[in-house]
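Chemist: Sharing input-v5.pdb, PDB, C-alpha atoms:
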ATOM      1  CA  MET A 248      45.162 184.815 101.418
ATOM      2  CA  ILE A 249      48.625 186.162 102.261
ATOM      3  CA  GLU A 250      47.869 186.068 105.986
ATOM      4  CA  TRP A 251      46.593 182.476 105.667
ATOM      5  CA  PHE A 252      49.816 181.415 103.893
ATOM      6  CA  THR A 253      51.993 183.259 106.443
ATOM      7  CA  ASN A 254      50.366 181.411 109.349
ATOM      8  CA  LEU A 255      50.963 177.941 107.898
ATOM      9  CA  ASP A 256      53.734 175.657 109.160
ATOM     10  CA  HIS A 257      56.940 176.141 107.218
ATOM     11  CA  TYR A 258      56.950 172.639 105.765
ATOM     12  CA  ILE A 259      53.372 173.196 104.483
ATOM     13  CA  GLN A 260      54.512 176.457 102.896
ATOM     14  CA  ALA A 261      57.363 174.560 101.230
ATOM     15  CA  LEU A 262      54.938 171.917  99.964
ATOM     16  CA  LEU A 263      52.567 174.492  98.435
ATOM     17  CA  ALA A 264      55.458 176.439  96.905
ATOM     18  CA  THR A 265      56.916 173.334  95.231
ATOM     19  CA  ILE A 266      53.463 172.211  94.035
ATOM     20  CA  PHE A 267      53.406 175.576  92.256
ATOM     21  CA  THR A 268      56.795 174.878  90.621
ATOM     22  CA  TRP A 269      55.556 171.434  89.550
ATOM     23  CA  PHE A 270      52.406 172.997  88.083
ATOM     24  CA  ILE A 271      54.498 175.366  85.939
ATOM     25  CA  THR A 272      56.525 172.381  84.694
ATOM     26  CA  ALA A 273      53.239 170.740  83.665
ATOM     27  CA  LEU A 274      52.192 173.935  81.853
ATOM     28  CA  GLY A 275      55.431 173.838  79.866
ATOM     29  CA  ALA A 276      54.843 170.188  78.997
ATOM     30  CA  CYS A 277      51.324 171.071  77.750
ATOM     31  CA  ILE A 278      52.758 172.550  74.573
ATOM     32  CA  VAL A 279      52.615 169.131  72.896
ATOM     33  CA  PHE A 280      48.799 169.370  72.848
ATOM     34  CA  PHE A 281      48.880 172.422  70.578
ATOM     35  CA  PHE A 282      50.295 170.513  67.625
ATOM     36  CA  LYS A 283      48.545 167.577  65.936
ATOM     37  CA  LYS A 284      51.560 166.669  63.871
ATOM     38  CA  ILE A 285      54.979 168.262  63.924
ATOM     39  CA  ASN A 286      57.329 167.787  60.972
ATOM     40  CA  LYS A 287      60.910 166.637  61.395
ATOM     41  CA  ASN A 288      62.439 170.114  60.926
ATOM     42  CA  VAL A 289      60.337 171.556  63.744
ATOM     43  CA  MET A 290      61.045 168.545  65.970
ATOM     44  CA  ASP A 291      64.797 168.840  65.377
ATOM     45  CA  ALA A 292      64.602 172.577  66.067
ATOM     46  CA  MET A 293      62.833 171.891  69.377
ATOM     47  CA  LEU A 294      65.484 169.301  70.207
ATOM     48  CA  GLY A 295      68.166 171.941  69.632
ATOM     49  CA  PHE A 296      66.094 174.404  71.668
ATOM     50  CA  ALA A 297      65.895 171.885  74.527
ATOM     51  CA  ALA A 298      69.683 171.485  74.415
ATOM     52  CA  GLY A 299      70.133 175.253  74.743
ATOM     53  CA  VAL A 300      67.694 175.410  77.667
ATOM     54  CA  MET A 301      69.539 172.621  79.471
ATOM     55  CA  ILE A 302      73.003 174.141  78.916
ATOM     56  CA  ALA A 303      71.861 177.508  80.314
ATOM     57  CA  ALA A 304      70.055 175.852  83.244
ATOM     58  CA  SER A 305      73.191 173.850  84.031
ATOM     59  CA  PHE A 306      75.113 177.023  84.743
ATOM     60  CA  TRP A 307      72.652 179.655  85.985
ATOM     61  CA  SER A 308      70.222 177.332  87.797
ATOM     62  CA  LEU A 309      72.754 174.830  89.113
ATOM     63  CA  LEU A 310      76.500 175.582  88.966
ATOM     64  CA  SER A 311      76.360 179.282  89.812
ATOM     65  CA  PRO A 312      74.075 178.763  92.873
ATOM     66  CA  ALA A 313      76.281 175.801  93.897
ATOM     67  CA  ILE A 314      79.362 178.041  93.872
ATOM     68  CA  ASP A 315      77.605 180.803  95.844
ATOM     69  CA  MET A 316      76.210 178.326  98.359
ATOM     70  CA  ALA A 317      79.558 176.575  98.819
ATOM     71  CA  ASN A 318      81.259 179.930  99.453
ATOM     72  CA  SER A 319      78.578 180.975 101.965
ATOM     73  CA  LEU A 320      79.058 177.674 103.828
ATOM     74  CA  HIS A 321      82.861 178.201 103.840
ATOM     75  CA  MET A 322      83.474 175.186 101.610
ATOM     76  CA  CYS A 323      86.116 174.958  98.866
ATOM     77  CA  ALA A 324      83.801 175.868  95.985
ATOM     78  CA  TRP A 325      85.872 174.542  93.085
ATOM     79  CA  VAL A 326      86.359 171.168  94.774
ATOM     80  CA  VAL A 327      82.643 170.886  95.547
ATOM     81  CA  ILE A 328      81.459 171.643  92.019
ATOM     82  CA  LEU A 329      84.196 169.486  90.463
ATOM     83  CA  ILE A 330      83.180 166.450  92.527
ATOM     84  CA  GLY A 331      79.483 167.017  91.897
ATOM     85  CA  PHE A 332      79.790 167.846  88.200
ATOM     86  CA  ILE A 333      82.052 164.909  87.292
ATOM     87  CA  GLY A 334      79.921 162.612  89.474
ATOM     88  CA  GLY A 335      76.744 163.562  87.606
ATOM     89  CA  GLY A 336      78.371 163.003  84.234
ATOM     90  CA  LEU A 337      79.836 159.655  85.304
ATOM     91  CA  LEU A 338      76.447 158.479  86.567
ATOM     92  CA  LEU A 339      74.862 159.095  83.143
ATOM     93  CA  PHE A 340      77.896 157.612  81.387
ATOM     94  CA  SER A 341      77.608 154.467  83.524
ATOM     95  CA  GLY A 342      73.875 154.260  82.902
ATOM     96  CA  ASP A 343      74.545 154.607  79.175
ATOM     97  CA  LYS A 344      76.992 151.682  79.209
ATOM     98  CA  ILE A 345      74.717 149.514  81.367
ATOM     99  CA  TYR A 346      71.830 150.153  78.976
ATOM    100  CA  ASP A 347      74.013 149.224  75.972
ATOM    101  CA  TYR A 348      75.028 146.005  77.737
ATOM    102  CA  PHE A 349      71.438 144.922  78.331
ATOM    103  CA  GLU A 350      70.489 146.051  74.830
ATOM    104  CA  LYS A 351      72.895 143.473  73.385
ATOM    105  CA  LYS A 352      71.399 140.826  75.643
ATOM    106  CA  VAL A 353      67.801 141.319  74.513
ATOM    107  CA  LYS A 354      68.772 141.993  70.855
ATOM    108  CA  LYS A 355      65.868 144.290  69.949
ATOM    109  CA  LYS A 356      65.717 146.606  66.933
ATOM    110  CA  ARG A 357      68.574 149.064  67.180
ATOM    111  CA  GLU A 358      66.702 152.253  66.209
ATOM    112  CA  ASN A 359      63.924 151.625  68.742
ATOM    113  CA  ASN A 360      66.516 151.093  71.456
ATOM    114  CA  LYS A 361      68.332 154.313  70.599
ATOM    115  CA  SER A 362      65.099 156.284  70.870
ATOM    116  CA  LEU A 363      64.159 154.635  74.157
ATOM    117  CA  LYS A 364      67.592 155.286  75.633
ATOM    118  CA  ARG A 365      67.475 158.931  74.594
ATOM    119  CA  CYS A 366      64.022 159.302  76.181
ATOM    120  CA  LEU A 367      65.128 157.702  79.442
ATOM    121  CA  MET A 368      68.290 159.812  79.679
ATOM    122  CA  LEU A 369      66.346 163.011  78.993
ATOM    123  CA  ILE A 370      63.687 162.264  81.616
ATOM    124  CA  PHE A 371      66.289 161.202  84.183
ATOM    125  CA  SER A 372      68.545 164.236  83.722
ATOM    126  CA  ILE A 373      65.711 166.801  84.017
ATOM    127  CA  THR A 374      64.231 164.934  86.991
ATOM    128  CA  LEU A 375      67.657 164.866  88.643
ATOM    129  CA  HIS A 376      67.935 168.605  87.999
ATOM    130  CA  ASN A 377      64.580 169.234  89.728
ATOM    131  CA  ILE A 378      65.544 167.427  92.954
ATOM    132  CA  PRO A 379      68.088 170.036  94.195
ATOM    133  CA  GLU A 380      65.778 172.837  93.045
ATOM    134  CA  GLY A 381      62.979 171.401  95.204
ATOM    135  CA  LEU A 382      65.432 170.999  98.074
ATOM    136  CA  ALA A 383      66.515 174.623  97.666
ATOM    137  CA  VAL A 384      62.917 175.847  98.002
ATOM    138  CA  GLY A 385      62.361 173.553 100.992
ATOM    139  CA  VAL A 386      65.535 174.813 102.660
ATOM    140  CA  ALA A 387      64.467 178.427 102.042
ATOM    141  CA  PHE A 388      61.153 177.895 103.868
ATOM    142  CA  GLY A 389      62.622 175.576 106.517
ATOM    143  CA  SER A 390      65.274 178.177 107.318
ATOM    144  CA  LEU A 391      62.509 180.470 108.600
ATOM    145  CA  ALA A 392      61.963 178.132 111.545
ATOM    146  CA  TYR A 393      65.666 178.289 112.469
ATOM    147  CA  GLY A 394      66.075 182.027 111.955
ATOM    148  CA  LEU A 395      69.084 181.512 109.674
ATOM    149  CA  ASP A 396      70.799 184.551 108.175
ATOM    150  CA  GLY A 397      68.955 186.081 105.235
ATOM    151  CA  ALA A 398      65.926 183.839 105.721
ATOM    152  CA  THR A 399      62.688 185.749 105.065
ATOM    153  CA  LEU A 400      59.291 184.636 103.796
ATOM    154  CA  ALA A 401      59.536 187.085 100.900
ATOM    155  CA  SER A 402      62.906 185.732  99.738
ATOM    156  CA  ALA A 403      61.636 182.134  99.988
ATOM    157  CA  CYS A 404      58.543 182.993  97.927
ATOM    158  CA  MET A 405      60.639 184.808  95.312
ATOM    159  CA  LEU A 406      62.925 181.780  95.031
ATOM    160  CA  ALA A 407      59.908 179.520  94.467
ATOM    161  CA  LEU A 408      58.507 181.957  91.884
ATOM    162  CA  GLY A 409      61.827 182.154  90.045
ATOM    163  CA  ILE A 410      62.317 178.390  89.947
ATOM    164  CA  GLY A 411      58.691 177.897  88.932
ATOM    165  CA  LEU A 412      58.918 180.237  85.938
ATOM    166  CA  GLN A 413      62.222 178.654  84.891
ATOM    167  CA  ASN A 414      60.458 175.284  84.906
ATOM    168  CA  PHE A 415      58.170 176.246  82.018
ATOM    169  CA  PRO A 416      60.794 175.870  79.260
ATOM    170  CA  GLU A 417      62.183 172.824  81.093
ATOM    171  CA  GLY A 418      58.795 171.082  80.905
ATOM    172  CA  THR A 419      58.770 171.845  77.183
ATOM    173  CA  ALA A 420      62.366 170.616  76.891
ATOM    174  CA  VAL A 421      61.219 167.168  78.049
ATOM    175  CA  SER A 422      57.803 166.740  76.400
ATOM    176  CA  VAL A 423      58.648 167.964  72.888
ATOM    177  CA  PRO A 424      61.716 165.727  72.340
ATOM    178  CA  LEU A 425      59.712 162.777  73.692
ATOM    179  CA  ARG A 426      56.976 163.573  71.198
ATOM    180  CA  ARG A 427      59.667 163.649  68.508
ATOM    181  CA  GLU A 428      60.738 160.139  69.497
ATOM    182  CA  GLY A 429      57.260 158.848  68.671
ATOM    183  CA  LEU A 430      55.448 158.991  72.011
ATOM    184  CA  SER A 431      51.805 160.038  71.956
ATOM    185  CA  ARG A 432      50.947 163.574  73.070
ATOM    186  CA  ARG A 433      49.470 162.256  76.320
ATOM    187  CA  LYS A 434      52.548 160.195  77.146
ATOM    188  CA  ALA A 435      54.915 163.029  76.202
ATOM    189  CA  PHE A 436      52.961 165.384  78.477
ATOM    190  CA  PHE A 437      52.772 162.789  81.273
ATOM    191  CA  TYR A 438      56.532 162.234  81.363
ATOM    192  CA  GLY A 439      57.184 165.953  80.909
ATOM    193  CA  GLN A 440      55.166 166.915  83.979
ATOM    194  CA  LEU A 441      56.368 163.833  85.865
ATOM    195  CA  SER A 442      59.906 165.221  85.790
ATOM    196  CA  GLY A 443      58.673 168.012  88.095
ATOM    197  CA  ILE A 444      56.822 165.866  90.623
ATOM    198  CA  VAL A 445      60.055 165.328  92.560
ATOM    199  CA  GLU A 446      60.072 169.009  93.554
ATOM    200  CA  PRO A 447      57.229 168.796  96.147
ATOM    201  CA  ILE A 448      58.803 165.609  97.559
ATOM    202  CA  SER A 449      62.298 167.087  97.794
ATOM    203  CA  GLY A 450      60.825 170.386  99.028
ATOM    204  CA  ILE A 451      59.337 168.672 102.079
ATOM    205  CA  ILE A 452      62.631 166.869 102.728
ATOM    206  CA  GLY A 453      64.533 170.143 102.439
ATOM    207  CA  ALA A 454      62.190 171.914 104.883
ATOM    208  CA  LEU A 455      62.369 169.100 107.460
ATOM    209  CA  LEU A 456      66.128 168.515 107.192
ATOM    210  CA  VAL A 457      67.163 172.070 106.470
ATOM    211  CA  ILE A 458      70.455 172.088 108.397
ATOM    212  CA  LYS A 459      71.791 168.793 107.003
ATOM    213  CA  VAL A 460      70.551 169.309 103.438
ATOM    214  CA  ARG A 461      72.090 172.770 103.325
ATOM    215  CA  PHE A 462      75.588 171.277 103.268
ATOM    216  CA  LEU A 463      74.684 168.717 100.591
ATOM    217  CA  LEU A 464      72.960 171.134  98.229
ATOM    218  CA  PRO A 465      76.102 172.478  96.474
ATOM    219  CA  TYR A 466      77.133 168.916  95.615
ATOM    220  CA  LEU A 467      73.626 167.996  94.434
ATOM    221  CA  LEU A 468      73.310 171.098  92.263
ATOM    222  CA  ALA A 469      76.661 170.446  90.554
ATOM    223  CA  PHE A 470      75.793 166.735  90.244
ATOM    224  CA  ALA A 471      72.597 167.564  88.353
ATOM    225  CA  ALA A 472      74.517 169.969  86.100
ATOM    226  CA  GLY A 473      76.994 167.259  85.125
ATOM    227  CA  ALA A 474      74.175 164.859  84.271
ATOM    228  CA  MET A 475      72.397 167.458  82.116
ATOM    229  CA  ILE A 476      75.521 168.426  80.171
ATOM    230  CA  TYR A 477      76.231 164.762  79.456
ATOM    231  CA  VAL A 478      72.758 164.288  77.938
ATOM    232  CA  VAL A 479      73.071 167.463  75.870
ATOM    233  CA  VAL A 480      76.483 166.524  74.441
ATOM    234  CA  ALA A 481      75.868 162.786  74.008
ATOM    235  CA  GLU A 482      72.267 162.813  72.768
ATOM    236  CA  LEU A 483      70.411 166.064  72.102
ATOM    237  CA  ILE A 484      72.860 168.089  70.016
ATOM    238  CA  PRO A 485      74.108 165.126  67.909
ATOM    239  CA  GLU A 486      70.503 164.120  67.158
ATOM    240  CA  SER A 487      69.428 167.658  66.231
ATOM    241  CA  GLN A 488      72.438 167.896  63.905
ATOM    242  CA  THR A 489      71.238 164.937  61.776
ATOM    243  CA  ASN A 490      68.987 167.514  60.117
ATOM    244  CA  LYS A 491      70.098 168.832  56.703
ATOM    245  CA  LYS A 492      69.772 172.396  58.023
ATOM    246  CA  LYS A 493      72.452 172.029  60.695
ATOM    247  CA  ASP A 494      73.169 175.747  60.946
ATOM    248  CA  LEU A 495      69.487 176.513  61.594
ATOM    249  CA  MET A 496      69.297 173.806  64.269
ATOM    250  CA  ALA A 497      72.367 175.335  65.949
ATOM    251  CA  LEU A 498      70.577 178.684  65.926
ATOM    252  CA  PHE A 499      67.646 177.165  67.844
ATOM    253  CA  THR A 500      70.136 175.883  70.437
ATOM    254  CA  LEU A 501      71.318 179.476  70.877
ATOM    255  CA  ILE A 502      67.710 180.674  71.156
ATOM    256  CA  GLY A 503      66.947 178.082  73.840
ATOM    257  CA  PHE A 504      70.083 179.074  75.730
ATOM    258  CA  ALA A 505      69.241 182.784  75.464
ATOM    259  CA  ILE A 506      65.649 182.373  76.713
ATOM    260  CA  MET A 507      66.706 180.268  79.708
ATOM    261  CA  MET A 508      69.587 182.658  80.426
ATOM    262  CA  ILE A 509      67.256 185.677  80.429
ATOM    263  CA  MET A 510      64.773 183.923  82.739
ATOM    264  CA  ASP A 511      67.500 182.806  85.143
ATOM    265  CA  VAL A 512      69.288 186.177  85.270
ATOM    266  CA  ALA A 513      66.115 188.306  85.321
ATOM    267  CA  LEU A 514      64.506 186.189  88.049
ATOM    268  CA  GLY A 515      67.728 185.987  90.040
TER     269      GLY A 515
END
Let me see the file written as structure tokens.
Modeler:
Amino acid sequence: MIEWFTNLDHYIQALLATIFTWFITALGACIVFFFKKINKNVMDAMLGFAAGVMIAASFWSLLSPAIDMANSLHMCAWVVILIGFIGGGLLLFSGDKIYDYFEKKVKKKRENNKSLKRCLMLIFSITLHNIPEGLAVGVAFGSLAYGLDGATLASACMLALGIGLQNFPEGTAVSVPLRREGLSRRKAFFYGQLSGIVEPISGIIGALLVIKVRFLLPYLLAFAAGAMIYVVVAELIPESQTNKKKDLMALFTLIGFAIMMIMDVALG
């Protein structure tokens, strides 16, 4: 099995590795099938948990690797992450305003629109976060063909494994809040796993365009971080804090952060 994988073309290796990371995202999204009905307290707790996961992922999965990558490419790291981070936040901010504009035009029920907007922003931010992760895996495998410094099959596989395992709580972070907003379990799962489908696509692109994508990755990582933080601050935490047990909901945010932090740090 190992010999078969080693003999494959590097872009095929990247494809299989990112299919694995997508599969783990789907496993995380599967959690919605284990509950027939979840009460509001549990839903709000999971919303707070999702916020914690996304905050931790923004730094350890996105900003920290962006800084390291920018330094290794002899770029001005703080400028790179500033441009990317603010750009990601502004994109979500603009999308928020555009949605509000069209909401006034169609004049639908306000509560339904708020829920739909929150769902769309959550799906978009996690999906955006998965694009640079897929590119990173693709670049790791594509680098083998170019003999770039530090490029080994083992390191590429470990990167894919680490990102894959980190994707489990991220899949949950999408599907559970969507279930809370009233989507059926099947739809919540579908959109949860769908957020990870971009990884195989971006993985292939990263493997084929490894040299060019390498220089864009720090910007893309920081961009995704900015988008995620915007969603957390504008939507997830405020919504979880509508619960009467605000202090308990805040605790679940800390738990989500801690779990994602441990997975990111332990898996390197």
Chemist: Running the PyMOL selection byres ((chain A and resi 496-504) around 8) on this model by hand, what would come out? Give it as a PDB file with C-alpha atoms, in the coordinates of the input.
Modeler:
ATOM      1  CA  ASP A 291      64.797 168.840  65.377  1.00  0.00           C
ATOM      2  CA  ALA A 292      64.602 172.577  66.067  1.00  0.00           C
ATOM      3  CA  MET A 293      62.833 171.891  69.377  1.00  0.00           C
ATOM      4  CA  GLY A 295      68.166 171.941  69.632  1.00  0.00           C
ATOM      5  CA  PHE A 296      66.094 174.404  71.668  1.00  0.00           C
ATOM      6  CA  ALA A 297      65.895 171.885  74.527  1.00  0.00           C
ATOM      7  CA  ALA A 298      69.683 171.485  74.415  1.00  0.00           C
ATOM      8  CA  GLY A 299      70.133 175.253  74.743  1.00  0.00           C
ATOM      9  CA  VAL A 300      67.694 175.410  77.667  1.00  0.00           C
ATOM     10  CA  MET A 301      69.539 172.621  79.471  1.00  0.00           C
ATOM     11  CA  ILE A 302      73.003 174.141  78.916  1.00  0.00           C
ATOM     12  CA  ALA A 303      71.861 177.508  80.314  1.00  0.00           C
ATOM     13  CA  SER A 487      69.428 167.658  66.231  1.00  0.00           C
ATOM     14  CA  GLN A 488      72.438 167.896  63.905  1.00  0.00           C
ATOM     15  CA  ASN A 490      68.987 167.514  60.117  1.00  0.00           C
ATOM     16  CA  LYS A 492      69.772 172.396  58.023  1.00  0.00           C
ATOM     17  CA  LYS A 493      72.452 172.029  60.695  1.00  0.00           C
ATOM     18  CA  ASP A 494      73.169 175.747  60.946  1.00  0.00           C
ATOM     19  CA  LEU A 495      69.487 176.513  61.594  1.00  0.00           C
ATOM     20  CA  ALA A 505      69.241 182.784  75.464  1.00  0.00           C
ATOM     21  CA  ILE A 506      65.649 182.373  76.713  1.00  0.00           C
ATOM     22  CA  MET A 507      66.706 180.268  79.708  1.00  0.00           C
ATOM     23  CA  MET A 508      69.587 182.658  80.426  1.00  0.00           C
TER      24      MET A 508
END
Chemist: Pick the closest to Glu486 in chain A from A:Gly331, A:Pro424, A:Leu310, A:Thr374: which is it, counting only C-alpha atoms?
Modeler: A:Pro424
Chemist: To verify the selection step, state as a PyMOL selection string which residues the PyMOL selection byres ((chain A and resi 382) around 12) yields on this input.
Modeler: chain A and resi 258+261-262+264-265+375-381+383-390+403+406-407+410+445-465+467-468
Chemist: How would the residues just picked look written out with C-alpha atoms as a PDB file, in the frame of the given file?
Modeler:
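Saved file result_27.pdb follows:
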ATOM      1  CA  TYR A 258      56.950 172.639 105.765  1.00  0.00           C
ATOM      2  CA  ALA A 261      57.363 174.560 101.230  1.00  0.00           C
ATOM      3  CA  LEU A 262      54.938 171.917  99.964  1.00  0.00           C
ATOM      4  CA  ALA A 264      55.458 176.439  96.905  1.00  0.00           C
ATOM      5  CA  THR A 265      56.916 173.334  95.231  1.00  0.00           C
ATOM      6  CA  LEU A 375      67.657 164.866  88.643  1.00  0.00           C
ATOM      7  CA  HIS A 376      67.935 168.605  87.999  1.00  0.00           C
ATOM      8  CA  ASN A 377      64.580 169.234  89.728  1.00  0.00           C
ATOM      9  CA  ILE A 378      65.544 167.427  92.954  1.00  0.00           C
ATOM     10  CA  PRO A 379      68.088 170.036  94.195  1.00  0.00           C
ATOM     11  CA  GLU A 380      65.778 172.837  93.045  1.00  0.00           C
ATOM     12  CA  GLY A 381      62.979 171.401  95.204  1.00  0.00           C
ATOM     13  CA  ALA A 383      66.515 174.623  97.666  1.00  0.00           C
ATOM     14  CA  VAL A 384      62.917 175.847  98.002  1.00  0.00           C
ATOM     15  CA  GLY A 385      62.361 173.553 100.992  1.00  0.00           C
ATOM     16  CA  VAL A 386      65.535 174.813 102.660  1.00  0.00           C
ATOM     17  CA  ALA A 387      64.467 178.427 102.042  1.00  0.00           C
ATOM     18  CA  PHE A 388      61.153 177.895 103.868  1.00  0.00           C
ATOM     19  CA  GLY A 389      62.622 175.576 106.517  1.00  0.00           C
ATOM     20  CA  SER A 390      65.274 178.177 107.318  1.00  0.00           C
ATOM     21  CA  ALA A 403      61.636 182.134  99.988  1.00  0.00           C
ATOM     22  CA  LEU A 406      62.925 181.780  95.031  1.00  0.00           C
ATOM     23  CA  ALA A 407      59.908 179.520  94.467  1.00  0.00           C
ATOM     24  CA  ILE A 410      62.317 178.390  89.947  1.00  0.00           C
ATOM     25  CA  VAL A 445      60.055 165.328  92.560  1.00  0.00           C
ATOM     26  CA  GLU A 446      60.072 169.009  93.554  1.00  0.00           C
ATOM     27  CA  PRO A 447      57.229 168.796  96.147  1.00  0.00           C
ATOM     28  CA  ILE A 448      58.803 165.609  97.559  1.00  0.00           C
ATOM     29  CA  SER A 449      62.298 167.087  97.794  1.00  0.00           C
ATOM     30  CA  GLY A 450      60.825 170.386  99.028  1.00  0.00           C
ATOM     31  CA  ILE A 451      59.337 168.672 102.079  1.00  0.00           C
ATOM     32  CA  ILE A 452      62.631 166.869 102.728  1.00  0.00           C
ATOM     33  CA  GLY A 453      64.533 170.143 102.439  1.00  0.00           C
ATOM     34  CA  ALA A 454      62.190 171.914 104.883  1.00  0.00           C
ATOM     35  CA  LEU A 455      62.369 169.100 107.460  1.00  0.00           C
ATOM     36  CA  LEU A 456      66.128 168.515 107.192  1.00  0.00           C
ATOM     37  CA  VAL A 457      67.163 172.070 106.470  1.00  0.00           C
ATOM     38  CA  ILE A 458      70.455 172.088 108.397  1.00  0.00           C
ATOM     39  CA  LYS A 459      71.791 168.793 107.003  1.00  0.00           C
ATOM     40  CA  VAL A 460      70.551 169.309 103.438  1.00  0.00           C
ATOM     41  CA  ARG A 461      72.090 172.770 103.325  1.00  0.00           C
ATOM     42  CA  PHE A 462      75.588 171.277 103.268  1.00  0.00           C
ATOM     43  CA  LEU A 463      74.684 168.717 100.591  1.00  0.00           C
ATOM     44  CA  LEU A 464      72.960 171.134  98.229  1.00  0.00           C
ATOM     45  CA  PRO A 465      76.102 172.478  96.474  1.00  0.00           C
ATOM     46  CA  LEU A 467      73.626 167.996  94.434  1.00  0.00           C
ATOM     47  CA  LEU A 468      73.310 171.098  92.263  1.00  0.00           C
TER      48      LEU A 468
END
Chemist: Please report the interatomic distance between CA of Leu408 in chain A and CA of Ile271 in chain A in Å with one decimal.
Modeler: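 A separation of 9.7 Å between them.
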Chemist: Quick one: residues within 12 Å of Arg365 in chain A, all atoms listed in the file, excluding same-chain residues fewer than 2 positions away - as a PyMOL selection string?
Modeler: chain A and resi 294+339+342-343+346-347+358-363+367-372+421+424-429+477-486
Chemist: So how far away is CA of Leu337 in chain A from CA of Ala474 in chain A, in Å?
Modeler: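 Value for the CA of Ala474 in chain A-CA of Leu337 in chain A distance: 7.8 Å.
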Chemist: Fewer than 2 positions away in the same chain doesn't count, so skip those; otherwise give me all residues within 8 Å of Gln440 in chain A, counting all atoms listed in the file, as a list in words.
Modeler: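 Selected residues are Trp269, Phe270, Thr272, Ala273, Leu274, Ala276, Gly418, Phe436, Phe437, Tyr438, Ser442, Gly443 and Ile444 of chain A.
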Chemist: Ranking A:Ile509, A:Leu329, A:Val423, A:Ile476 by minimum distance to Cys277 in chain A and counting all atoms listed in the file, which one comes first?
Modeler: A:Val423
Chemist: Separation of CA of Cys323 in chain A and CA of Tyr466 in chain A, in Å?
Modeler: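 Distance reported for this atom pair: 11.3 Å.
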